[in-house]
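data.csv follows (CSV, N, CA and C atoms):
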chain,number,residue,atom,x,y,z
J,21,MET,N,-39.2,39.9,43.2
J,21,MET,CA,-38.7,39.6,41.9
J,21,MET,C,-38.5,40.9,41.1
J,22,THR,N,-37.4,41.0,40.4
J,22,THR,CA,-37.2,42.2,39.6
J,22,THR,C,-37.3,41.7,38.1
J,23,SER,N,-37.7,42.7,37.3
J,23,SER,CA,-37.8,42.4,35.8
J,23,SER,C,-37.2,43.5,35.0
J,24,MET,N,-36.9,43.2,33.8
J,24,MET,CA,-36.3,44.2,32.9
J,24,MET,C,-37.3,45.2,32.5
J,25,VAL,N,-36.8,46.4,32.0
J,25,VAL,CA,-37.7,47.4,31.6
J,25,VAL,C,-37.3,47.7,30.1
J,26,ILE,N,-38.4,47.7,29.3
J,26,ILE,CA,-38.2,48.0,27.9
J,26,ILE,C,-39.0,49.2,27.6
J,27,VAL,N,-38.4,50.2,27.0
J,27,VAL,CA,-39.1,51.5,26.7
J,27,VAL,C,-39.1,51.6,25.1
J,28,LYS,N,-40.3,51.4,24.5
J,28,LYS,CA,-40.4,51.5,23.1
J,28,LYS,C,-40.2,52.9,22.6
J,29,ALA,N,-39.8,53.1,21.4
J,29,ALA,CA,-39.5,54.4,20.8
J,29,ALA,C,-40.7,55.4,20.9
J,30,ALA,N,-41.9,54.9,20.7
J,30,ALA,CA,-43.0,55.7,20.7
J,30,ALA,C,-43.2,56.3,22.2
J,31,ASP,N,-42.8,55.5,23.2
J,31,ASP,CA,-43.0,56.0,24.5
J,31,ASP,C,-41.9,57.0,24.9
J,32,ILE,N,-40.8,57.0,24.2
J,32,ILE,CA,-39.8,58.0,24.5
J,32,ILE,C,-40.2,59.4,24.0
J,33,SER,N,-41.0,59.4,22.9
J,33,SER,CA,-41.5,60.7,22.4
J,33,SER,C,-42.9,61.1,22.9
J,34,ALA,N,-43.5,60.2,23.7
J,34,ALA,CA,-44.8,60.5,24.2
J,34,ALA,C,-44.8,61.7,25.2
J,35,ALA,N,-46.0,62.3,25.4
J,35,ALA,CA,-46.1,63.4,26.3
J,35,ALA,C,-45.7,63.0,27.7
J,36,LEU,N,-45.0,63.9,28.4
J,36,LEU,CA,-44.5,63.6,29.8
J,36,LEU,C,-45.4,64.3,30.8
J,37,PRO,N,-45.5,63.8,32.0
J,37,PRO,CA,-46.2,64.5,33.1
J,37,PRO,C,-45.5,65.8,33.5
J,38,ALA,N,-46.2,66.8,33.7
J,38,ALA,CA,-45.6,68.1,34.1
J,38,ALA,C,-44.9,67.9,35.4
J,39,ALA,N,-43.8,68.6,35.6
J,39,ALA,CA,-43.0,68.5,36.9
J,39,ALA,C,-42.6,69.9,37.4
J,40,GLY,N,-43.2,70.9,36.9
J,40,GLY,CA,-43.0,72.3,37.4
J,40,GLY,C,-41.7,72.9,36.9
J,41,GLN,N,-41.4,74.1,37.5
J,41,GLN,CA,-40.2,74.8,37.0
J,41,GLN,C,-38.9,74.1,37.6
J,42,ARG,N,-37.8,74.2,36.8
J,42,ARG,CA,-36.5,73.6,37.2
J,42,ARG,C,-36.1,74.4,38.4
J,43,ALA,N,-35.8,73.7,39.5
J,43,ALA,CA,-35.3,74.3,40.7
J,43,ALA,C,-34.0,75.0,40.4
J,44,GLY,N,-33.8,76.2,41.0
J,44,GLY,CA,-32.6,77.0,40.8
J,44,GLY,C,-32.5,77.8,39.6
J,45,ALA,N,-33.5,77.8,38.7
J,45,ALA,CA,-33.5,78.5,37.5
J,45,ALA,C,-33.2,80.0,37.7
J,46,ASP,N,-32.3,80.6,36.9
J,46,ASP,CA,-32.0,82.0,37.1
J,46,ASP,C,-32.2,82.7,35.8
J,47,SER,N,-32.7,82.0,34.7
J,47,SER,CA,-33.0,82.7,33.5
J,47,SER,C,-34.1,82.0,32.8
J,48,GLY,N,-35.0,82.7,32.1
J,48,GLY,CA,-36.1,82.1,31.4
J,48,GLY,C,-37.1,81.5,32.4
J,49,ASP,N,-37.9,80.6,31.9
J,49,ASP,CA,-38.9,79.9,32.7
J,49,ASP,C,-38.9,78.4,32.4
J,50,PRO,N,-37.8,77.7,32.7
J,50,PRO,CA,-37.7,76.3,32.3
J,50,PRO,C,-38.6,75.4,33.0
J,51,GLN,N,-39.7,74.9,32.3
J,51,GLN,CA,-40.7,74.0,32.8
J,51,GLN,C,-40.3,72.6,32.4
J,52,LEU,N,-40.5,71.7,33.4
J,52,LEU,CA,-40.0,70.3,33.2
J,52,LEU,C,-41.2,69.4,32.9
J,53,GLY,N,-40.9,68.3,32.2
J,53,GLY,CA,-41.8,67.2,32.1
J,53,GLY,C,-40.9,66.0,32.4
J,54,MET,N,-41.4,65.0,33.1
J,54,MET,CA,-40.6,63.9,33.5
J,54,MET,C,-41.4,62.6,33.7
J,55,ARG,N,-40.8,61.5,33.2
J,55,ARG,CA,-41.3,60.1,33.5
J,55,ARG,C,-40.1,59.3,34.0
J,56,MET,N,-40.3,58.8,35.2
J,56,MET,CA,-39.2,57.9,35.8
J,56,MET,C,-39.4,56.5,35.3
J,57,LEU,N,-38.3,55.9,35.1
J,57,LEU,CA,-38.2,54.5,34.6
J,57,LEU,C,-37.5,53.6,35.5
J,58,ALA,N,-37.8,52.3,35.5
J,58,ALA,CA,-37.1,51.3,36.2
J,58,ALA,C,-36.9,51.6,37.7
J,59,PRO,N,-38.1,51.7,38.4
J,59,PRO,CA,-38.0,52.0,39.9
J,59,PRO,C,-37.2,51.1,40.7
J,60,GLU,N,-36.9,49.9,40.3
J,60,GLU,CA,-36.2,48.9,41.0
J,60,GLU,C,-34.7,49.1,40.8
J,61,ALA,N,-34.3,49.9,39.8
J,61,ALA,CA,-32.9,50.0,39.5
J,61,ALA,C,-32.2,50.9,40.5
J,62,ARG,N,-30.9,50.7,40.6
J,62,ARG,CA,-30.0,51.5,41.5
J,62,ARG,C,-30.0,52.9,40.9
J,63,GLY,N,-30.0,54.0,41.7
J,63,GLY,CA,-30.0,55.3,41.1
J,63,GLY,C,-31.3,55.7,40.6
J,64,SER,N,-31.4,56.6,39.6
J,64,SER,CA,-32.7,56.9,39.0
J,64,SER,C,-32.5,57.1,37.5
J,65,THR,N,-33.5,56.6,36.8
J,65,THR,CA,-33.5,56.7,35.3
J,65,THR,C,-34.8,57.2,34.9
J,66,GLY,N,-34.8,57.9,33.7
J,66,GLY,CA,-36.0,58.5,33.2
J,66,GLY,C,-35.9,59.2,31.9
J,67,ILE,N,-37.0,59.8,31.5
J,67,ILE,CA,-37.1,60.6,30.4
J,67,ILE,C,-37.4,62.0,30.9
J,68,TRP,N,-36.7,63.0,30.5
J,68,TRP,CA,-36.8,64.4,31.0
J,68,TRP,C,-36.9,65.4,29.9
J,69,GLU,N,-37.7,66.4,30.0
J,69,GLU,CA,-37.9,67.4,29.0
J,69,GLU,C,-37.9,68.8,29.7
J,70,CYS,N,-37.3,69.8,29.1
J,70,CYS,CA,-37.2,71.1,29.7
J,70,CYS,C,-37.3,72.2,28.6
J,71,THR,N,-38.2,73.2,28.9
J,71,THR,CA,-38.3,74.3,28.0
J,71,THR,C,-37.2,75.3,28.2
J,72,PRO,N,-37.0,76.3,27.3
J,72,PRO,CA,-35.8,77.2,27.5
J,72,PRO,C,-35.7,77.9,28.8
J,73,GLY,N,-34.5,78.0,29.2
J,73,GLY,CA,-34.1,78.7,30.5
J,73,GLY,C,-32.7,78.1,30.9
J,74,GLY,N,-32.2,78.7,32.0
J,74,GLY,CA,-30.9,78.2,32.5
J,74,GLY,C,-30.8,78.2,34.0
J,75,TRP,N,-29.7,77.5,34.4
J,75,TRP,CA,-29.5,77.3,35.9
J,75,TRP,C,-28.1,76.8,36.1
J,76,PRO,N,-27.5,77.2,37.2
J,76,PRO,CA,-26.2,76.7,37.6
J,76,PRO,C,-26.2,75.3,38.2
J,77,VAL,N,-25.2,74.6,38.1
J,77,VAL,CA,-25.0,73.3,38.8
J,77,VAL,C,-23.7,73.5,39.6
J,78,VAL,N,-23.8,73.2,40.9
J,78,VAL,CA,-22.6,73.4,41.7
J,78,VAL,C,-22.2,72.1,42.4
J,79,ASN,N,-21.1,71.6,42.1
J,79,ASN,CA,-20.5,70.4,42.8
J,79,ASN,C,-21.5,69.2,42.8
J,80,ARG,N,-21.8,68.7,41.6
J,80,ARG,CA,-22.8,67.6,41.5
J,80,ARG,C,-22.4,66.5,42.5
J,81,PRO,N,-23.4,65.9,43.2
J,81,PRO,CA,-23.1,64.9,44.1
J,81,PRO,C,-23.0,63.5,43.5
J,82,ASP,N,-23.4,63.3,42.2
J,82,ASP,CA,-23.5,62.0,41.6
J,82,ASP,C,-23.1,62.1,40.1
J,83,THR,N,-23.2,61.0,39.4
J,83,THR,CA,-22.9,61.0,38.0
J,83,THR,C,-24.2,61.0,37.2
J,84,GLU,N,-24.2,61.8,36.2
J,84,GLU,CA,-25.4,61.8,35.3
J,84,GLU,C,-24.9,61.4,33.9
J,85,PHE,N,-25.6,60.4,33.3
J,85,PHE,CA,-25.4,59.9,32.0
J,85,PHE,C,-26.6,60.2,31.2
J,86,THR,N,-26.5,61.1,30.2
J,86,THR,CA,-27.6,61.6,29.4
J,86,THR,C,-27.4,61.5,27.9
J,87,TYR,N,-28.5,61.0,27.3
J,87,TYR,CA,-28.5,61.0,25.8
J,87,TYR,C,-29.6,61.9,25.3
J,88,ILE,N,-29.2,62.9,24.5
J,88,ILE,CA,-30.1,63.9,24.0
J,88,ILE,C,-30.9,63.4,22.8
J,89,ILE,N,-32.3,63.4,23.0
J,89,ILE,CA,-33.2,62.9,22.0
J,89,ILE,C,-33.6,64.1,21.0
J,90,SER,N,-33.8,65.3,21.6
J,90,SER,CA,-34.2,66.4,20.7
J,90,SER,C,-33.9,67.7,21.5
J,91,GLY,N,-33.9,68.8,20.7
J,91,GLY,CA,-33.6,70.1,21.3
J,91,GLY,C,-32.2,70.5,21.3
J,92,ARG,N,-31.9,71.7,21.8
J,92,ARG,CA,-30.5,72.2,21.9
J,92,ARG,C,-30.3,72.9,23.2
J,93,ALA,N,-29.1,72.7,23.7
J,93,ALA,CA,-28.7,73.4,25.0
J,93,ALA,C,-27.2,73.7,24.9
J,94,ARG,N,-26.8,74.6,25.8
J,94,ARG,CA,-25.4,74.9,26.0
J,94,ARG,C,-25.0,74.5,27.4
J,95,LEU,N,-23.9,73.8,27.5
J,95,LEU,CA,-23.3,73.4,28.8
J,95,LEU,C,-22.0,74.2,28.9
J,96,THR,N,-21.9,74.8,30.1
J,96,THR,CA,-20.7,75.6,30.4
J,96,THR,C,-20.0,74.9,31.5
J,97,ASP,N,-18.7,74.5,31.3
J,97,ASP,CA,-17.9,73.9,32.3
J,97,ASP,C,-17.2,75.0,33.1
J,98,ALA,N,-17.5,75.2,34.4
J,98,ALA,CA,-16.9,76.2,35.2
J,98,ALA,C,-15.4,76.1,35.3
J,99,ALA,N,-14.8,74.9,35.4
J,99,ALA,CA,-13.4,74.7,35.6
J,99,ALA,C,-12.6,75.2,34.4
J,100,THR,N,-13.1,75.0,33.2
J,100,THR,CA,-12.3,75.4,32.0
J,100,THR,C,-12.9,76.6,31.2
J,101,GLY,N,-14.2,76.9,31.5
J,101,GLY,CA,-14.8,78.0,30.8
J,101,GLY,C,-15.4,77.6,29.4
J,102,THR,N,-15.2,76.3,29.1
J,102,THR,CA,-15.6,75.8,27.8
J,102,THR,C,-17.1,75.7,27.7
J,103,VAL,N,-17.6,76.3,26.6
J,103,VAL,CA,-19.1,76.2,26.4
J,103,VAL,C,-19.3,75.3,25.2
J,104,THR,N,-20.2,74.3,25.4
J,104,THR,CA,-20.4,73.3,24.3
J,104,THR,C,-21.9,73.2,24.0
J,105,GLU,N,-22.3,73.4,22.8
J,105,GLU,CA,-23.7,73.2,22.4
J,105,GLU,C,-23.9,71.7,22.2
J,106,ILE,N,-25.0,71.2,22.7
J,106,ILE,CA,-25.4,69.8,22.5
J,106,ILE,C,-26.8,69.8,21.9
J,107,GLY,N,-27.0,68.6,21.2
J,107,GLY,CA,-28.3,68.4,20.5
J,107,GLY,C,-28.5,66.9,20.3
J,108,PRO,N,-29.5,66.6,19.4
J,108,PRO,CA,-29.9,65.3,19.2
J,108,PRO,C,-28.7,64.3,18.8
J,109,GLY,N,-28.7,63.2,19.5
J,109,GLY,CA,-27.7,62.2,19.3
J,109,GLY,C,-26.4,62.4,20.2
J,110,ASP,N,-26.3,63.5,20.9
J,110,ASP,CA,-25.2,63.7,21.7
J,110,ASP,C,-25.3,63.0,23.1
J,111,LEU,N,-24.2,62.5,23.6
J,111,LEU,CA,-24.2,61.8,24.9
J,111,LEU,C,-23.3,62.7,25.8
J,112,VAL,N,-23.9,62.9,27.0
J,112,VAL,CA,-23.2,63.8,28.0
J,112,VAL,C,-23.0,63.0,29.3
J,113,ILE,N,-21.9,63.0,29.8
J,113,ILE,CA,-21.6,62.4,31.1
J,113,ILE,C,-21.1,63.4,32.1
J,114,LEU,N,-21.8,63.8,33.1
J,114,LEU,CA,-21.4,64.8,34.1
J,114,LEU,C,-21.0,64.0,35.4
J,115,PRO,N,-19.7,64.1,35.8
J,115,PRO,CA,-19.2,63.3,36.9
J,115,PRO,C,-19.5,64.0,38.2
J,116,PRO,N,-19.4,63.3,39.3
J,116,PRO,CA,-19.5,63.9,40.6
J,116,PRO,C,-18.5,65.0,40.8
J,117,GLY,N,-18.9,66.1,41.4
J,117,GLY,CA,-18.1,67.2,41.6
J,117,GLY,C,-18.1,68.3,40.5
J,118,TRP,N,-18.8,67.9,39.4
J,118,TRP,CA,-18.9,68.8,38.2
J,118,TRP,C,-19.6,70.1,38.6
J,119,THR,N,-19.1,71.2,38.2
J,119,THR,CA,-19.7,72.5,38.4
J,119,THR,C,-19.8,73.2,37.0
J,120,GLY,N,-20.9,73.8,36.7
J,120,GLY,CA,-21.1,74.5,35.5
J,120,GLY,C,-22.5,75.0,35.3
J,121,ARG,N,-23.0,75.0,34.1
J,121,ARG,CA,-24.2,75.6,33.8
J,121,ARG,C,-24.9,74.9,32.6
J,122,TRP,N,-26.3,74.8,32.8
J,122,TRP,CA,-27.1,74.4,31.7
J,122,TRP,C,-27.9,75.6,31.2
J,123,ASP,N,-27.9,75.8,29.9
J,123,ASP,CA,-28.8,76.8,29.2
J,123,ASP,C,-29.5,76.1,28.1
J,124,VAL,N,-30.8,75.9,28.3
J,124,VAL,CA,-31.6,75.3,27.2
J,124,VAL,C,-32.0,76.3,26.2
J,125,ILE,N,-31.7,76.1,25.0
J,125,ILE,CA,-32.0,77.0,23.9
J,125,ILE,C,-33.3,76.7,23.2
J,126,GLU,N,-33.5,75.4,22.9
J,126,GLU,CA,-34.7,74.9,22.3
J,126,GLU,C,-35.1,73.7,23.2
J,127,THR,N,-36.4,73.5,23.5
J,127,THR,CA,-36.8,72.5,24.4
J,127,THR,C,-36.0,71.2,24.2
J,128,VAL,N,-35.4,70.7,25.3
J,128,VAL,CA,-34.6,69.5,25.3
J,128,VAL,C,-35.4,68.3,25.8
J,129,ARG,N,-35.2,67.2,25.2
J,129,ARG,CA,-35.7,65.9,25.7
J,129,ARG,C,-34.5,65.0,25.8
J,130,LYS,N,-34.4,64.3,26.9
J,130,LYS,CA,-33.2,63.4,27.1
J,130,LYS,C,-33.7,62.2,27.9
J,131,VAL,N,-32.9,61.1,27.7
J,131,VAL,CA,-33.0,59.9,28.5
J,131,VAL,C,-31.8,60.0,29.5
J,132,PHE,N,-32.0,59.8,30.8
J,132,PHE,CA,-30.9,59.9,31.7
J,132,PHE,C,-30.9,58.8,32.7
J,133,ALA,N,-29.7,58.6,33.2
J,133,ALA,CA,-29.4,57.7,34.4
J,133,ALA,C,-28.5,58.5,35.3
J,134,ILE,N,-28.9,58.5,36.6
J,134,ILE,CA,-28.2,59.2,37.6
J,134,ILE,C,-27.8,58.2,38.7
J,135,TYR,N,-26.5,58.1,39.0
J,135,TYR,CA,-26.1,57.1,39.9
J,135,TYR,C,-24.9,57.6,40.7
Turn the structure described in the file into structure tokens.
Amino acid sequence: MTSMVIVKAADISAALPAAGQRAGADSGDPQLGMRMLAPEARGSTGIWECTPGGWPVVNRPDTEFTYIISGRARLTDAATGTVTEIGPGDLVILPPGWTGRWDVIETVRKVFAIY
């Protein structure tokens, strides 16, 4: 039997378990915190936090739907060279095949779904 998942606002801002350095980081020391949600759901969903640092993303294999809760980052789209700063309230959808770069300026917390 499957059941719905409700995440209360207080839980979204609660401390997250440490998850180590962001794989592939090439600037700063981006340390992660993460709590996975809805283990029965297709794909993966969770709350993610990252301290300042940066890393490339090459040819994403999946779609990521992300809502920024707090912090600031710059996303660079390799295809167009466009650099966009994102922050609280912004929604980002990165499609399969996307290549670019994440640079976290101020610790970012986001809710994500990857499918």
Pick from J:Pro76, J:Gly109, J:Gly53, J:Gly101 nearest to Trp122 of chain J, counting only C-alpha atoms: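 Counting only C-alpha atoms, the residue closest to Trp122 of chain J is J:Pro76.
Every protein, DNA or RNA residue with an atom at most 5 Å from Ile67 of chain J, where all atoms listed in the file count and chain neighbours fewer than 5 positions away do not, is listed here: Met54, Arg55, Lys130 and Val131 of chain J.
Counting all atoms listed in the file and comparing J:Met24, J:Ala93, J:Leu52, J:Val124, the residue that lies closest to Leu36 of chain J is J:Leu52.
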In terms of the shortest atom-to-atom distance over only C-alpha atoms, which of J:Glu69, J:Glu126, J:Asp82, J:Asp110 is closest to Arg42 of chain J?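 Answer, going by the shortest atom-to-atom distance: J:Glu69.
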Contact residues around Ala58 of chain J with only N, CA and C atoms at 8 Å, ignoring same-chain residues under 6 positions, as a PyMOL selection string: chain J and resi 23-26+64-66
Selection above as a file: N, CA and C atoms, as a CSV table (one decimal), keeping the file's coordinate frame:
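As written to disk, again37.csv reads:
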chain,number,residue,atom,x,y,z
J,23,SER,N,-37.7,42.7,37.3
J,23,SER,CA,-37.8,42.4,35.8
J,23,SER,C,-37.2,43.5,35.0
J,24,MET,N,-36.9,43.2,33.8
J,24,MET,CA,-36.3,44.2,32.9
J,24,MET,C,-37.3,45.2,32.5
J,25,VAL,N,-36.8,46.4,32.0
J,25,VAL,CA,-37.7,47.4,31.6
J,25,VAL,C,-37.3,47.7,30.1
J,26,ILE,N,-38.4,47.7,29.3
J,26,ILE,CA,-38.2,48.0,27.9
J,26,ILE,C,-39.0,49.2,27.6
J,64,SER,N,-31.4,56.6,39.6
J,64,SER,CA,-32.7,56.9,39.0
J,64,SER,C,-32.5,57.1,37.5
J,65,THR,N,-33.5,56.6,36.8
J,65,THR,CA,-33.5,56.7,35.3
J,65,THR,C,-34.8,57.2,34.9
J,66,GLY,N,-34.8,57.9,33.7
J,66,GLY,CA,-36.0,58.5,33.2
J,66,GLY,C,-35.9,59.2,31.9
May I ask which of the residues J:Asp123, J:Ala30, J:Gly44, J:Gly91 is the closest one to Val103 of chain J, counting only C-alpha atoms?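 When distances to Val103 of chain J are compared using only C-alpha atoms, the smallest one comes from J:Asp123.
With only N, CA and C atoms as the basis for measurement, J:Thr22 is the residue among J:Thr22, J:Thr119, J:Ser47, J:Gln41 that approaches Glu60 of chain J most closely.
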Name the residues of segment 21-130 of chain J that come out as strand (DSSP E or B) in a backbone DSSP run; write them as an MDAnalysis selection string. chainID J and resid 38:41 47:48 51:57 64:70 73:77 84:97 103:106 111:114 120:130
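Atom CA of Tyr135 of chain J is positioned 12.4 Å from atom N of Ile113 of chain J.
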For Ala43 of chain J, please output as a ChimeraX atom specification all residues within 12 Å (counting only C-alpha atoms; exclusion window: fewer than 2 positions along the same chain). /J:39-41,45-47,49-52,70,73-77
Could you model N, CA, C and O atoms for segment 50-65 of chain J and present them as a PDB file, keeping the file's coordinate frame?
ATOM      1  N   PRO J  50     -37.800  77.700  32.700  1.00  0.00           N
ATOM      2  CA  PRO J  50     -37.700  76.300  32.300  1.00  0.00           C
ATOM      3  C   PRO J  50     -38.600  75.400  33.000  1.00  0.00           C
ATOM      4  O   PRO J  50     -38.500  75.095  34.208  1.00  0.00           O
ATOM      5  N   GLN J  51     -39.700  74.900  32.300  1.00  0.00           N
ATOM      6  CA  GLN J  51     -40.700  74.000  32.800  1.00  0.00           C
ATOM      7  C   GLN J  51     -40.300  72.600  32.400  1.00  0.00           C
ATOM      8  O   GLN J  51     -39.851  72.320  31.291  1.00  0.00           O
ATOM      9  N   LEU J  52     -40.500  71.700  33.400  1.00  0.00           N
ATOM     10  CA  LEU J  52     -40.000  70.300  33.200  1.00  0.00           C
ATOM     11  C   LEU J  52     -41.200  69.400  32.900  1.00  0.00           C
ATOM     12  O   LEU J  52     -42.320  69.616  33.431  1.00  0.00           O
ATOM     13  N   GLY J  53     -40.900  68.300  32.200  1.00  0.00           N
ATOM     14  CA  GLY J  53     -41.800  67.200  32.100  1.00  0.00           C
ATOM     15  C   GLY J  53     -40.900  66.000  32.400  1.00  0.00           C
ATOM     16  O   GLY J  53     -39.697  65.973  32.057  1.00  0.00           O
ATOM     17  N   MET J  54     -41.400  65.000  33.100  1.00  0.00           N
ATOM     18  CA  MET J  54     -40.600  63.900  33.500  1.00  0.00           C
ATOM     19  C   MET J  54     -41.400  62.600  33.700  1.00  0.00           C
ATOM     20  O   MET J  54     -42.465  62.600  34.198  1.00  0.00           O
ATOM     21  N   ARG J  55     -40.800  61.500  33.200  1.00  0.00           N
ATOM     22  CA  ARG J  55     -41.300  60.100  33.500  1.00  0.00           C
ATOM     23  C   ARG J  55     -40.100  59.300  34.000  1.00  0.00           C
ATOM     24  O   ARG J  55     -39.128  59.132  33.359  1.00  0.00           O
ATOM     25  N   MET J  56     -40.300  58.800  35.200  1.00  0.00           N
ATOM     26  CA  MET J  56     -39.200  57.900  35.800  1.00  0.00           C
ATOM     27  C   MET J  56     -39.400  56.500  35.300  1.00  0.00           C
ATOM     28  O   MET J  56     -40.515  56.076  35.004  1.00  0.00           O
ATOM     29  N   LEU J  57     -38.300  55.900  35.100  1.00  0.00           N
ATOM     30  CA  LEU J  57     -38.200  54.500  34.600  1.00  0.00           C
ATOM     31  C   LEU J  57     -37.500  53.600  35.500  1.00  0.00           C
ATOM     32  O   LEU J  57     -36.719  54.045  36.328  1.00  0.00           O
ATOM     33  N   ALA J  58     -37.800  52.300  35.500  1.00  0.00           N
ATOM     34  CA  ALA J  58     -37.100  51.300  36.200  1.00  0.00           C
ATOM     35  C   ALA J  58     -36.900  51.600  37.700  1.00  0.00           C
ATOM     36  O   ALA J  58     -35.838  51.808  38.234  1.00  0.00           O
ATOM     37  N   PRO J  59     -38.100  51.700  38.400  1.00  0.00           N
ATOM     38  CA  PRO J  59     -38.000  52.000  39.900  1.00  0.00           C
ATOM     39  C   PRO J  59     -37.200  51.100  40.700  1.00  0.00           C
ATOM     40  O   PRO J  59     -36.732  51.513  41.790  1.00  0.00           O
ATOM     41  N   GLU J  60     -36.900  49.900  40.300  1.00  0.00           N
ATOM     42  CA  GLU J  60     -36.200  48.900  41.000  1.00  0.00           C
ATOM     43  C   GLU J  60     -34.700  49.100  40.800  1.00  0.00           C
ATOM     44  O   GLU J  60     -33.848  48.462  41.495  1.00  0.00           O
ATOM     45  N   ALA J  61     -34.300  49.900  39.800  1.00  0.00           N
ATOM     46  CA  ALA J  61     -32.900  50.000  39.500  1.00  0.00           C
ATOM     47  C   ALA J  61     -32.200  50.900  40.500  1.00  0.00           C
ATOM     48  O   ALA J  61     -32.765  51.734  41.167  1.00  0.00           O
ATOM     49  N   ARG J  62     -30.900  50.700  40.600  1.00  0.00           N
ATOM     50  CA  ARG J  62     -30.000  51.500  41.500  1.00  0.00           C
ATOM     51  C   ARG J  62     -30.000  52.900  40.900  1.00  0.00           C
ATOM     52  O   ARG J  62     -29.844  53.030  39.670  1.00  0.00           O
ATOM     53  N   GLY J  63     -30.000  54.000  41.700  1.00  0.00           N
ATOM     54  CA  GLY J  63     -30.000  55.300  41.100  1.00  0.00           C
ATOM     55  C   GLY J  63     -31.300  55.700  40.600  1.00  0.00           C
ATOM     56  O   GLY J  63     -32.365  55.172  41.048  1.00  0.00           O
ATOM     57  N   SER J  64     -31.400  56.600  39.600  1.00  0.00           N
ATOM     58  CA  SER J  64     -32.700  56.900  39.000  1.00  0.00           C
ATOM     59  C   SER J  64     -32.500  57.100  37.500  1.00  0.00           C
ATOM     60  O   SER J  64     -31.417  57.489  37.015  1.00  0.00           O
ATOM     61  N   THR J  65     -33.500  56.600  36.800  1.00  0.00           N
ATOM     62  CA  THR J  65     -33.500  56.700  35.300  1.00  0.00           C
ATOM     63  C   THR J  65     -34.800  57.200  34.900  1.00  0.00           C
ATOM     64  O   THR J  65     -35.825  57.063  35.519  1.00  0.00           O
TER      65      THR J  65
END
